[in-house]
Amino acid sequence: LTAMLYLALWRRDRERGMGWFALSTMLLSLWTATTRLHLPIDQHLTQPAWFYVLALSWAFLAVGLVDYLGVPVALRPRALIGTLLPVVVYAALLAPIALADARLPRVWFSLTGSAVFGGLGALAWWAGRHEPRAGHRYVAVSLWGIPALALAMAVAKVDPVALRFWSVFPILVLALTLLTVSLLRRRHALEAEVVRRGAAEAGLTALNASLEQMVEQ
């Protein structure tokens, strides 16, 4: 449902980043719906093909966030490299499992996935300094909710397998926060446009009045 809302915003208004968010959320929905096909057996990760779907959804989220935040063109390559690097590391860790049936501790993947969202949160926090009223820092806090959950589970010595299920909640918070902040940003932009047009109309009215006065003189 959230993916459909993102897609509707992108199709109707061409809202920045919404198309990428729709793709990311669709893949996350696919990941959640097919959980029985890649259920964990122990603390070592298996079924790497499905985890590539998860990594691809994170990559779409990173690209969409860079676009959504309006990162300047000069800084965009660095922002993309910084946000996509943990995703590439995650995918690289999956390769030995896919190619050689290696057994790698699941906690490595939890830490790498947390780094993905930690980096995205840092980027959103940075963007909040340059666009204070856009609500980017709310997005940053919601992004940081996922590594915070992973850390809390590690401190509580909860089985890292459970992270895949508990992380659904902060991801839903993130999806709804992005949607809400996007609508609020559009509302602020429309309000600014109304003020600008009102000022322009007042200027034209004053100019017409002065012209009429000149004609009378």
# chains A, B, ... in the order shown; residues from 1 in each chain; ligands from 1
>>> residues_around(residues="segment 86-102 of chain A", least_positions_apart="4", cutoff="6 Å", atoms="only C-alpha atoms", output="ChimeraX atom specification")
/A:48,112,116
>>> closest_residue(among="A:Ala124, A:Gly145, A:Leu179, A:Leu56", to="Glu15 of chain A", atoms="only C-alpha atoms")
A:Leu179
>>> closest_atom_pairs(of="segment 56-156 of chain A", to="segment 16-39 of chain A", cutoff="10 Å", atoms="only C-alpha atoms", output="JSON lines")
{"residue": "A:Leu56", "atom": "CA", "partner": "A:Ser24", "partner_atom": "CA", "distance": 7.6}
{"residue": "A:Ser57", "atom": "CA", "partner": "A:Ser24", "partner_atom": "CA", "distance": 4.3}
{"residue": "A:Trp58", "atom": "CA", "partner": "A:Ser24", "partner_atom": "CA", "distance": 6.7}
{"residue": "A:Ala59", "atom": "CA", "partner": "A:Ser24", "partner_atom": "CA", "distance": 7.8}
{"residue": "A:Phe60", "atom": "CA", "partner": "A:Ser24", "partner_atom": "CA", "distance": 5.3}
{"residue": "A:Leu61", "atom": "CA", "partner": "A:Ser24", "partner_atom": "CA", "distance": 5.6}
{"residue": "A:Ala62", "atom": "CA", "partner": "A:Trp20", "partner_atom": "CA", "distance": 8.6}
{"residue": "A:Val63", "atom": "CA", "partner": "A:Trp20", "partner_atom": "CA", "distance": 6.9}
{"residue": "A:Gly64", "atom": "CA", "partner": "A:Gly17", "partner_atom": "CA", "distance": 4.2}
{"residue": "A:Leu65", "atom": "CA", "partner": "A:Gly17", "partner_atom": "CA", "distance": 6.2}
{"residue": "A:Val66", "atom": "CA", "partner": "A:Gly17", "partner_atom": "CA", "distance": 7.7}
{"residue": "A:Asp67", "atom": "CA", "partner": "A:Gly17", "partner_atom": "CA", "distance": 5.1}
{"residue": "A:Tyr68", "atom": "CA", "partner": "A:Gly17", "partner_atom": "CA", "distance": 4.4}
{"residue": "A:Leu69", "atom": "CA", "partner": "A:Arg16", "partner_atom": "CA", "distance": 8.1}
{"residue": "A:Gly70", "atom": "CA", "partner": "A:Arg16", "partner_atom": "CA", "distance": 8.0}
>>> closest_residue(among="A:Leu54, A:Ala156, A:Val194, A:Ile146", to="Val173 of chain A", atoms="only C-alpha atoms")
A:Ile146
